[in-house]
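Visitor: For reference, this is structure-v7.csv, and it has CSV, C-alpha atoms.
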```
chain,number,residue,atom,x,y,z
A,26,MET,CA,61.7,-71.8,-44.5
A,27,ALA,CA,65.3,-72.1,-43.4
A,28,ASP,CA,64.5,-72.4,-39.7
A,29,PHE,CA,63.2,-76.0,-39.8
A,30,LYS,CA,63.9,-79.1,-41.9
A,31,THR,CA,61.8,-80.9,-44.5
A,32,ILE,CA,61.7,-84.4,-45.9
A,33,ASP,CA,64.6,-83.5,-48.1
A,34,ASP,CA,66.9,-82.7,-45.2
A,35,LEU,CA,66.6,-85.9,-43.1
A,36,ASP,CA,68.2,-89.3,-43.4
A,37,MET,CA,65.3,-91.8,-43.4
A,38,ASP,CA,66.7,-94.7,-45.5
A,39,GLY,CA,65.6,-97.9,-43.9
A,40,LYS,CA,64.0,-96.1,-40.9
A,41,VAL,CA,60.5,-96.0,-39.6
A,42,VAL,CA,59.2,-92.4,-40.1
A,43,LEU,CA,56.5,-91.4,-37.6
A,44,THR,CA,54.3,-89.2,-39.8
A,45,ARG,CA,51.6,-87.0,-38.2
A,46,VAL,CA,48.8,-86.4,-40.7
A,47,ASP,CA,45.3,-85.0,-40.5
A,48,VAL,CA,42.8,-87.5,-41.9
A,49,ASN,CA,39.9,-86.3,-39.7
A,50,VAL,CA,37.5,-86.8,-42.6
A,51,PRO,CA,33.7,-87.0,-42.7
A,52,VAL,CA,32.4,-90.5,-42.3
A,53,GLU,CA,28.8,-91.9,-42.7
A,54,ASP,CA,27.9,-95.5,-42.0
A,55,GLY,CA,31.5,-96.4,-41.7
A,56,ARG,CA,32.4,-94.9,-45.1
A,57,VAL,CA,34.5,-91.8,-45.9
A,58,THR,CA,32.3,-89.3,-47.7
A,59,ASP,CA,35.0,-86.8,-48.6
A,60,ALA,CA,38.6,-88.0,-49.0
A,61,THR,CA,40.2,-84.6,-49.7
A,62,ARG,CA,42.3,-84.6,-46.6
A,63,ILE,CA,43.5,-88.2,-47.2
A,64,GLU,CA,44.4,-87.3,-50.8
A,65,LYS,CA,46.5,-84.4,-49.7
A,66,ILE,CA,48.9,-86.5,-47.6
A,67,VAL,CA,49.8,-88.8,-50.6
A,68,PRO,CA,52.8,-86.7,-51.7
A,69,THR,CA,54.3,-86.8,-48.2
A,70,VAL,CA,53.9,-90.6,-47.9
A,71,LYS,CA,55.3,-91.2,-51.4
A,72,ASP,CA,58.3,-88.9,-50.9
A,73,ILE,CA,59.2,-90.6,-47.6
A,74,GLN,CA,59.0,-94.0,-49.3
A,75,ALA,CA,61.1,-92.7,-52.2
A,76,ARG,CA,63.8,-91.7,-49.7
A,77,GLY,CA,63.8,-95.3,-48.3
A,78,GLY,CA,61.7,-94.4,-45.2
A,79,ILE,CA,58.8,-96.5,-43.9
A,80,PRO,CA,55.9,-94.1,-43.1
A,81,VAL,CA,53.9,-95.0,-40.0
A,82,LEU,CA,50.9,-92.6,-39.9
A,83,LEU,CA,49.7,-91.0,-36.7
A,84,ALA,CA,46.4,-89.2,-36.6
A,85,HIS,CA,43.4,-88.3,-34.5
A,86,PHE,CA,39.8,-88.7,-35.3
A,87,ASP,CA,36.9,-86.8,-33.8
A,88,ARG,CA,37.0,-86.1,-30.0
A,89,PRO,CA,37.0,-89.3,-27.9
A,90,LYS,CA,38.4,-87.4,-24.9
A,91,GLY,CA,41.0,-89.9,-23.9
A,92,LYS,CA,38.8,-93.0,-24.1
A,93,ARG,CA,38.5,-95.8,-26.7
A,94,VAL,CA,35.3,-95.1,-28.7
A,95,GLU,CA,34.8,-97.6,-31.5
A,96,SER,CA,32.8,-95.3,-33.7
A,97,MET,CA,35.9,-93.0,-33.7
A,98,SER,CA,38.3,-95.7,-34.8
A,99,LEU,CA,40.7,-94.9,-37.6
A,100,LYS,CA,40.2,-98.4,-39.0
A,101,GLN,CA,37.2,-97.2,-40.9
A,102,ILE,CA,39.3,-94.9,-43.0
A,103,VAL,CA,41.7,-97.6,-44.1
A,104,PRO,CA,39.9,-98.4,-47.4
A,105,ALA,CA,39.9,-94.8,-48.5
A,106,LEU,CA,43.6,-94.5,-47.5
A,107,GLU,CA,44.5,-97.6,-49.5
A,108,ALA,CA,42.6,-96.2,-52.5
A,109,ALA,CA,44.4,-92.9,-52.3
A,110,LEU,CA,47.9,-94.5,-51.9
A,111,GLY,CA,47.3,-97.4,-54.3
A,112,GLN,CA,48.6,-100.0,-51.9
A,113,PRO,CA,47.7,-102.0,-48.8
A,114,VAL,CA,47.9,-100.2,-45.4
A,115,ALA,CA,48.7,-102.1,-42.3
A,116,PHE,CA,46.6,-101.1,-39.3
A,117,ALA,CA,47.5,-101.3,-35.6
A,118,ASP,CA,44.6,-101.1,-33.1
A,119,ASP,CA,46.6,-98.9,-30.8
A,120,CYS,CA,49.2,-96.2,-31.3
A,121,ILE,CA,51.5,-97.4,-28.5
A,122,GLY,CA,52.4,-100.7,-26.8
A,123,GLY,CA,52.3,-104.3,-28.1
A,124,PRO,CA,49.8,-103.8,-30.9
A,125,ALA,CA,51.7,-100.9,-32.4
A,126,LYS,CA,55.1,-102.6,-31.9
A,127,ARG,CA,54.0,-105.8,-33.6
A,128,VAL,CA,52.7,-104.0,-36.7
A,129,VAL,CA,55.7,-101.8,-37.0
A,130,ALA,CA,58.1,-104.7,-36.6
A,131,ASP,CA,56.6,-106.4,-39.6
A,132,LEU,CA,57.0,-103.4,-42.0
A,133,LYS,CA,59.5,-103.5,-44.9
A,134,PRO,CA,60.6,-100.6,-47.2
A,135,GLY,CA,57.7,-99.7,-49.5
A,136,ASP,CA,55.1,-100.5,-46.8
A,137,VAL,CA,52.9,-98.1,-44.9
A,138,ALA,CA,51.0,-98.4,-41.7
A,139,LEU,CA,48.3,-96.4,-39.8
A,140,LEU,CA,48.1,-96.5,-36.0
A,141,GLU,CA,44.9,-96.1,-34.1
A,142,ASN,CA,43.5,-92.7,-33.0
A,143,THR,CA,46.0,-91.0,-30.8
A,144,ARG,CA,43.2,-89.3,-28.9
A,145,PHE,CA,42.1,-92.7,-27.4
A,146,HIS,CA,44.8,-91.8,-24.8
A,147,GLU,CA,44.5,-89.0,-22.3
A,148,GLY,CA,48.3,-88.4,-22.8
A,149,GLU,CA,47.8,-87.1,-26.3
A,150,GLU,CA,45.9,-83.9,-25.5
A,151,ALA,CA,47.8,-83.5,-22.3
A,152,ASN,CA,51.1,-83.7,-24.2
A,153,ASP,CA,52.3,-86.2,-21.6
A,154,PRO,CA,56.0,-86.8,-22.0
A,155,THR,CA,55.7,-90.5,-21.1
A,156,PHE,CA,53.0,-91.0,-23.8
A,157,ALA,CA,55.1,-89.1,-26.4
A,158,ALA,CA,58.1,-91.2,-25.5
A,159,SER,CA,56.0,-94.4,-26.0
A,160,ILE,CA,55.1,-93.3,-29.5
A,161,ALA,CA,58.7,-92.1,-30.2
A,162,ALA,CA,60.0,-95.5,-29.4
A,163,LEU,CA,58.3,-96.9,-32.5
A,164,GLY,CA,60.4,-94.9,-35.0
A,165,LYS,CA,63.6,-93.0,-35.8
A,166,VAL,CA,62.4,-89.9,-37.6
A,167,TYR,CA,59.4,-87.6,-37.1
A,168,ILE,CA,57.5,-85.8,-39.9
A,169,ASN,CA,54.7,-83.4,-39.1
A,170,ASP,CA,52.3,-82.9,-42.1
A,171,ALA,CA,49.3,-81.7,-40.1
A,172,PHE,CA,49.3,-77.9,-40.2
A,173,SER,CA,45.6,-78.0,-39.3
A,174,ALA,CA,46.5,-79.5,-35.9
A,175,ALA,CA,49.6,-77.3,-35.4
A,176,HIS,CA,47.8,-75.0,-33.0
A,177,ARG,CA,47.4,-77.8,-30.5
A,178,ALA,CA,50.3,-78.6,-28.2
A,179,HIS,CA,49.6,-82.4,-28.2
A,180,ALA,CA,52.0,-85.3,-27.9
A,181,SER,CA,51.8,-86.2,-31.6
A,182,THR,CA,52.0,-82.6,-32.8
A,183,GLU,CA,54.5,-81.1,-30.4
A,184,GLY,CA,56.0,-83.6,-28.0
A,185,LEU,CA,57.4,-85.9,-30.7
A,186,ALA,CA,59.3,-83.2,-32.4
A,187,ARG,CA,61.4,-82.8,-29.3
A,188,LEU,CA,62.3,-86.4,-29.2
A,189,LEU,CA,63.3,-87.4,-32.7
A,190,PRO,CA,65.0,-85.8,-35.7
A,191,SER,CA,62.1,-83.9,-37.2
A,192,GLY,CA,60.9,-82.0,-40.2
A,193,ALA,CA,57.8,-80.8,-42.1
A,194,GLY,CA,55.9,-82.9,-44.6
A,195,ARG,CA,55.0,-81.6,-48.0
A,196,LEU,CA,51.6,-80.2,-47.0
A,197,MET,CA,53.0,-78.5,-43.9
A,198,GLU,CA,55.9,-77.1,-46.0
A,199,ALA,CA,53.5,-75.7,-48.7
A,200,GLU,CA,51.2,-74.2,-46.0
A,201,LEU,CA,54.1,-72.4,-44.3
A,202,LYS,CA,55.5,-71.1,-47.6
A,203,ALA,CA,52.1,-69.8,-48.6
A,204,LEU,CA,51.5,-68.1,-45.2
A,205,ASP,CA,55.0,-66.6,-45.2
A,206,ALA,CA,54.3,-65.1,-48.6
A,207,ALA,CA,50.9,-63.7,-47.4
A,208,LEU,CA,51.9,-62.1,-44.1
A,209,GLY,CA,55.5,-62.9,-43.2
A,210,ASN,CA,57.3,-61.3,-46.1
A,211,PRO,CA,54.6,-60.3,-48.5
A,212,LEU,CA,54.7,-58.3,-51.7
A,213,ARG,CA,52.9,-55.0,-51.0
A,214,PRO,CA,50.3,-53.6,-50.9
A,215,VAL,CA,48.6,-56.3,-48.9
A,216,MET,CA,44.8,-56.6,-48.7
A,217,ALA,CA,43.0,-58.7,-46.1
A,218,VAL,CA,39.3,-59.6,-46.4
A,219,VAL,CA,37.8,-60.6,-43.1
A,220,GLY,CA,34.1,-61.6,-42.9
A,221,GLY,CA,31.9,-63.4,-40.5
A,222,ALA,CA,29.2,-62.9,-38.0
A,223,LYS,CA,30.9,-61.5,-34.9
A,224,VAL,CA,33.7,-59.0,-34.2
A,225,SER,CA,34.1,-60.7,-30.8
A,226,THR,CA,35.3,-64.0,-32.3
A,227,LYS,CA,37.8,-62.2,-34.6
A,228,LEU,CA,39.0,-59.4,-32.3
A,229,ASP,CA,42.6,-60.7,-32.0
A,230,LEU,CA,42.7,-61.2,-35.8
A,231,LEU,CA,41.5,-57.6,-36.6
A,232,MET,CA,43.9,-56.1,-34.0
A,233,ASN,CA,46.8,-58.0,-35.6
A,234,LEU,CA,45.9,-57.3,-39.2
A,235,VAL,CA,45.6,-53.5,-38.9
A,236,ASP,CA,49.3,-53.5,-38.1
A,237,LYS,CA,50.3,-55.9,-40.9
A,238,VAL,CA,48.2,-55.0,-44.0
A,239,ASP,CA,47.6,-51.9,-46.2
A,240,HIS,CA,43.9,-52.6,-46.8
A,241,LEU,CA,41.4,-54.3,-44.5
A,242,VAL,CA,38.0,-55.2,-45.9
A,243,ILE,CA,35.4,-56.0,-43.2
A,244,GLY,CA,32.3,-57.9,-44.3
A,245,GLY,CA,29.4,-60.0,-43.1
A,246,GLY,CA,27.7,-59.3,-39.8
A,247,MET,CA,31.0,-57.9,-38.4
A,248,ALA,CA,30.7,-54.9,-40.8
A,249,ASN,CA,27.4,-54.0,-39.2
A,250,THR,CA,29.1,-53.6,-35.8
A,251,PHE,CA,31.6,-51.2,-37.4
A,252,LEU,CA,28.7,-49.3,-39.0
A,253,VAL,CA,27.0,-49.0,-35.6
A,254,ALA,CA,30.4,-47.7,-34.2
A,255,LYS,CA,30.3,-45.0,-36.9
A,256,GLY,CA,26.7,-44.0,-36.0
A,257,VAL,CA,25.0,-45.7,-38.9
A,258,GLU,CA,21.6,-47.3,-38.2
A,259,VAL,CA,21.4,-50.9,-39.2
A,260,GLY,CA,17.8,-51.8,-38.5
A,261,LYS,CA,17.3,-55.4,-37.4
A,262,SER,CA,20.7,-56.5,-38.7
A,263,LEU,CA,23.0,-58.8,-36.8
A,264,ALA,CA,25.3,-56.4,-34.9
A,265,GLU,CA,27.2,-56.5,-31.6
A,266,ARG,CA,26.3,-53.1,-30.3
A,267,ASP,CA,28.3,-53.7,-27.1
A,268,MET,CA,31.4,-54.1,-29.3
A,269,ALA,CA,31.1,-50.6,-30.8
A,270,ASP,CA,33.9,-49.1,-28.6
A,271,THR,CA,36.2,-51.9,-29.6
A,272,ALA,CA,35.3,-51.3,-33.3
A,273,ARG,CA,36.2,-47.6,-32.8
A,274,GLN,CA,39.6,-48.6,-31.3
A,275,ILE,CA,40.3,-50.8,-34.3
A,276,LEU,CA,39.3,-47.9,-36.7
A,277,ASP,CA,41.6,-45.5,-34.8
A,278,LYS,CA,44.5,-48.0,-34.8
A,279,ALA,CA,44.1,-48.5,-38.5
A,280,ASP,CA,44.0,-44.7,-39.1
A,281,GLN,CA,47.2,-44.2,-37.1
A,282,GLY,CA,49.0,-47.0,-38.9
A,283,GLY,CA,48.0,-46.1,-42.4
A,284,CYS,CA,45.8,-49.1,-43.0
A,285,VAL,CA,42.7,-48.3,-45.1
A,286,ILE,CA,39.6,-50.0,-43.7
A,287,HIS,CA,36.9,-50.8,-46.3
A,288,LEU,CA,33.3,-51.0,-45.1
A,289,PRO,CA,30.1,-51.3,-47.2
A,290,LEU,CA,29.2,-48.3,-49.3
A,291,ASP,CA,25.9,-49.8,-50.2
A,292,ILE,CA,23.9,-52.7,-48.8
A,293,VAL,CA,21.4,-55.4,-49.8
A,294,VAL,CA,18.5,-55.6,-47.3
A,295,ALA,CA,15.6,-57.9,-46.8
A,296,ARG,CA,12.8,-58.4,-44.2
A,297,GLU,CA,13.4,-62.1,-43.9
A,298,PHE,CA,16.4,-64.4,-44.1
A,299,LYS,CA,15.5,-67.0,-46.6
A,300,ALA,CA,16.4,-68.1,-50.2
A,301,GLY,CA,14.9,-65.8,-52.8
A,302,ALA,CA,13.6,-63.3,-50.2
A,303,GLU,CA,12.6,-60.0,-51.7
A,304,SER,CA,15.5,-57.7,-51.3
A,305,GLN,CA,16.7,-54.2,-52.4
A,306,VAL,CA,20.0,-52.3,-52.7
A,307,LEU,CA,20.2,-49.1,-50.7
A,308,PRO,CA,22.9,-46.6,-49.7
A,309,VAL,CA,24.7,-47.8,-46.5
A,310,ASP,CA,23.0,-45.2,-44.3
A,311,GLN,CA,19.4,-46.0,-45.4
A,312,CYS,CA,18.6,-49.4,-43.9
A,313,PRO,CA,14.9,-49.5,-42.9
A,314,VAL,CA,14.2,-50.1,-39.2
A,315,ASP,CA,12.4,-53.3,-40.0
A,316,ALA,CA,15.0,-54.7,-42.4
A,317,MET,CA,18.3,-56.7,-42.1
A,318,ILE,CA,21.5,-56.1,-44.0
A,319,LEU,CA,22.4,-59.4,-45.6
A,320,ASP,CA,25.1,-58.5,-48.2
A,321,ALA,CA,27.2,-55.8,-49.5
A,322,GLY,CA,25.9,-54.0,-52.6
A,323,PRO,CA,27.4,-53.6,-56.1
A,324,ALA,CA,29.1,-50.2,-55.5
A,325,THR,CA,31.0,-51.8,-52.6
A,326,VAL,CA,32.1,-54.7,-54.9
A,327,ASP,CA,33.3,-52.2,-57.5
A,328,ALA,CA,35.3,-50.3,-54.9
A,329,LEU,CA,36.9,-53.5,-53.7
A,330,ARG,CA,37.7,-54.6,-57.3
A,331,ASP,CA,39.5,-51.2,-57.8
A,332,ALA,CA,41.4,-51.5,-54.5
A,333,MET,CA,42.3,-55.2,-55.1
A,334,ALA,CA,43.7,-54.3,-58.5
A,335,LYS,CA,46.3,-52.1,-56.8
A,336,CYS,CA,47.4,-54.8,-54.4
A,337,LYS,CA,50.0,-57.5,-54.8
A,338,THR,CA,48.9,-59.9,-52.0
A,339,LEU,CA,45.5,-60.9,-50.7
A,340,ILE,CA,44.6,-62.9,-47.7
A,341,TRP,CA,41.0,-63.9,-47.2
A,342,ASN,CA,39.0,-65.3,-44.2
A,343,GLY,CA,35.3,-65.1,-44.2
A,344,PRO,CA,32.4,-64.1,-46.6
A,345,LEU,CA,31.1,-60.6,-47.3
A,346,GLY,CA,27.5,-61.5,-46.7
A,347,ALA,CA,25.1,-64.4,-45.9
A,348,PHE,CA,26.6,-66.4,-48.8
A,349,GLU,CA,24.8,-69.6,-48.0
A,350,ILE,CA,21.6,-68.5,-49.6
A,351,GLU,CA,20.8,-66.6,-52.8
A,352,PRO,CA,20.7,-63.7,-53.6
A,353,PHE,CA,23.0,-62.8,-50.6
A,354,ASP,CA,26.0,-64.5,-52.1
A,355,ARG,CA,26.5,-62.0,-54.8
A,356,ALA,CA,29.2,-59.7,-53.2
A,357,THR,CA,31.2,-62.7,-52.0
A,358,ASN,CA,31.0,-64.4,-55.4
A,359,ALA,CA,31.9,-61.2,-57.3
A,360,ALA,CA,34.8,-60.2,-55.1
A,361,ALA,CA,36.2,-63.8,-55.2
A,362,GLN,CA,35.9,-63.9,-59.0
A,363,ALA,CA,37.8,-60.6,-59.2
A,364,ALA,CA,40.6,-62.0,-56.9
A,365,ALA,CA,40.7,-65.2,-59.0
A,366,SER,CA,41.0,-63.2,-62.3
A,367,LEU,CA,43.9,-61.1,-60.9
A,368,THR,CA,45.6,-64.3,-59.6
A,369,ARG,CA,45.2,-66.1,-63.0
A,370,ASP,CA,46.8,-63.0,-64.7
A,371,GLY,CA,49.8,-63.3,-62.3
A,372,LYS,CA,49.0,-59.9,-60.7
A,373,LEU,CA,48.0,-61.2,-57.3
A,374,ILE,CA,49.2,-63.7,-54.7
A,375,SER,CA,45.9,-64.9,-53.1
A,376,VAL,CA,45.8,-67.0,-49.9
A,377,ALA,CA,42.5,-68.1,-48.3
A,378,GLY,CA,41.5,-70.3,-45.4
A,379,GLY,CA,38.8,-71.2,-42.9
A,380,GLY,CA,35.8,-73.4,-43.3
A,381,ASP,CA,33.3,-70.8,-44.4
A,382,THR,CA,35.9,-69.3,-46.7
A,383,VAL,CA,36.6,-72.5,-48.5
A,384,ALA,CA,32.9,-73.2,-48.9
A,385,ALA,CA,32.3,-69.7,-50.2
A,386,LEU,CA,35.1,-69.9,-52.8
A,387,ASN,CA,33.9,-73.4,-53.9
A,388,LYS,CA,30.4,-71.9,-54.3
A,389,ALA,CA,31.9,-69.1,-56.4
A,390,GLY,CA,33.7,-71.7,-58.5
A,391,VAL,CA,37.1,-70.1,-58.0
A,392,ALA,CA,38.8,-72.2,-55.3
A,393,GLY,CA,41.2,-73.7,-57.9
A,394,ASP,CA,42.3,-70.2,-59.1
A,395,PHE,CA,43.6,-69.0,-55.7
A,396,THR,CA,47.4,-69.3,-55.2
A,397,PHE,CA,46.8,-71.3,-52.0
A,398,ILE,CA,43.8,-72.4,-50.0
A,399,SER,CA,44.4,-73.6,-46.5
A,400,THR,CA,42.0,-76.3,-45.3
A,401,ALA,CA,43.1,-75.6,-41.7
A,402,GLY,CA,40.4,-73.8,-39.7
A,403,GLY,CA,41.7,-73.0,-36.2
A,404,ALA,CA,45.4,-73.1,-37.1
A,405,PHE,CA,44.9,-70.7,-40.0
A,406,LEU,CA,42.9,-68.3,-37.8
A,407,GLU,CA,45.5,-68.4,-35.0
A,408,TRP,CA,48.3,-67.8,-37.5
A,409,MET,CA,46.4,-64.8,-38.9
A,410,GLU,CA,46.1,-63.6,-35.3
A,411,GLY,CA,49.8,-63.5,-35.0
A,412,LYS,CA,50.0,-66.4,-32.5
A,413,GLU,CA,52.8,-68.9,-32.5
A,414,LEU,CA,51.6,-72.4,-33.3
A,415,PRO,CA,53.1,-75.0,-31.0
A,416,GLY,CA,53.4,-77.6,-33.8
A,417,VAL,CA,55.4,-75.2,-35.9
A,418,ALA,CA,57.5,-73.8,-33.1
A,419,ALA,CA,58.4,-77.4,-32.1
A,420,LEU,CA,59.7,-78.1,-35.6
A,421,LYS,CA,61.9,-75.0,-35.4
A,422,ASP,CA,63.3,-76.1,-32.0
A,423,ALA,CA,63.4,-79.8,-33.0
A,424,LYS,CA,66.2,-82.2,-32.2
A,425,HIS,CA,68.0,-82.7,-35.5
```
Just give me the structure of the file as structure tokens.

Guide:
Amino acid sequence: MADFKTIDDLDMDGKVVLTRVDVNVPVEDGRVTDATRIEKIVPTVKDIQARGGIPVLLAHFDRPKGKRVESMSLKQIVPALEAALGQPVAFADDCIGGPAKRVVADLKPGDVALLENTRFHEGEEANDPTFAASIAALGKVYINDAFSAAHRAHASTEGLARLLPSGAGRLMEAELKALDAALGNPLRPVMAVVGGAKVSTKLDLLMNLVDKVDHLVIGGGMANTFLVAKGVEVGKSLAERDMADTARQILDKADQGGCVIHLPLDIVVAREFKAGAESQVLPVDQCPVDAMILDAGPATVDALRDAMAKCKTLIWNGPLGAFEIEPFDRATNAAAQAAASLTRDGKLISVAGGGDTVAALNKAGVAGDFTFISTAGGAFLEWMEGKELPGVAALKDAKH
């Protein structure tokens, strides 16, 4: 954490603080239906104000692709933002030029403003230096609180950090501390749980993790591909048979590096994929030719519990089975509850992230028990893949 600054390190008294946030929230009929992301930025806004800074919020909404699209205006989130902050929020109908300058000029200490969708300009996603300079001209300090957009080298996530004294907001700071504790400098042994449908979408992730963790649990449809690679028949299950050689490479790499790979020992199979479908538990090598593997079985969960109990750190991305419908959510729920129990007892640092993962942990009723849950999808995945995130790298290289 010493390689970039935070709100505590910057002089912002009486200064306009350009604050990149992620408030890309679900909206229906012009109303915010889930304000979680908005609520998460409140500590950053309040702490900037407490230090005498005047926060001016920068954000994107949806994908207007460089054009003004009224249905993607940030104006519709102002009521939810005001409710979360407990104060009025000034709104500028552009993020540069006259409309933005006029709103910012009227702000006093204690005020807060939101500028219109940065993606209404092509210069945002192109990280155009002129566009970044136009935004930078509005303020004196830059705070990035949008880890979930940190994998994008955009003007408001990367360019601005090179133009103004810069630091991380509270959400970004918490995210980076948690991720460092999980993979940067973790307490060992470390277990990673990686689930999902396809090996092909998480190849970089698996290749990186086998070098970093002591135990790698592979679940979901991905596990079927590994079973095929080991010569196990999987019937009509989802499996990428053309990825079998790649799966064998990962198994070999893990073996050479001393990483224990955990695959299902037993399986839950069904003939149809629907809620309440008739299912049975079988040994992993006995999947009928007309059936699909839709979850890991109880013996697999018991083995994972035992391995997890010996670990100090857990990082989780993806479910163990088709968790969306019962009864194929049992392995994911049981493993998540085991992780939550160990975390509550102070025996495990648990970090999870990714859309399906958050949904699965919420469904299991344990999201609040994990040490940290990242709401960032792509950024969390790229970080797990070992890639440098432009928005984080820019903070480290920032002008101070």

Visitor: Extract, using all atoms listed in the file, all DNA, RNA and protein residues at most 12 Å from Asp36 (chain A), discarding same-chain residues fewer than 4 positions from it, and format them as an NGL selection string.

Guide: :A and (30-32 or 40-42 or 73-79 or 165-168 or 189-192 or 425)

Visitor: Let me make sure I understand: among A:Thr396, A:Thr382, A:Thr338, A:Ser304, which one has the smallest atom-to-atom distance to Gly209 (chain A) if we use all atoms listed in the file?

Guide: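 Closest to Gly209 (chain A) of all the choices is A:Thr338.
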
Visitor: Find the residue from A:Leu290, A:Val235, A:Leu212, A:Gly393 that sits nearest to Ala248 (chain A); use all atoms listed in the file when measuring.

Guide: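 Counting all atoms listed in the file, the residue closest to Ala248 (chain A) is A:Leu290.
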
Visitor: If we count all atoms listed in the file and set the cut-off at 9 Å, which residues sit around Lys133 (chain A), ignoring sequence neighbours fewer than 4 positions away in its own chain? Please answer as a CSV table (one decimal) with C-alpha atoms, in the coordinates of the input.

Guide:
```csv
chain,number,residue,atom,x,y,z
A,39,GLY,CA,65.6,-97.9,-43.9
A,79,ILE,CA,58.8,-96.5,-43.9
A,129,VAL,CA,55.7,-101.8,-37.0
A,137,VAL,CA,52.9,-98.1,-44.9
```

Visitor: Could you work out how far CA of Arg177 (chain A) lies from CA of Ala404 (chain A), giving the answer in Å with one decimal?

Guide: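 Result for CA of Ala404 (chain A) versus CA of Arg177 (chain A): 8.3 Å, one decimal.
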
Visitor: Using all atoms listed in the file and a cutoff of 10 Å, can you tell me which residues are near (48.0, -57.8, -58.5) in the file's coordinates, and write them out as JSON, numbers by chain?

Guide: {"A": [212, 213, 214, 215, 332, 333, 334, 335, 336, 337, 338, 339, 364, 366, 367, 368, 369, 370, 371, 372, 373, 374, 375]}
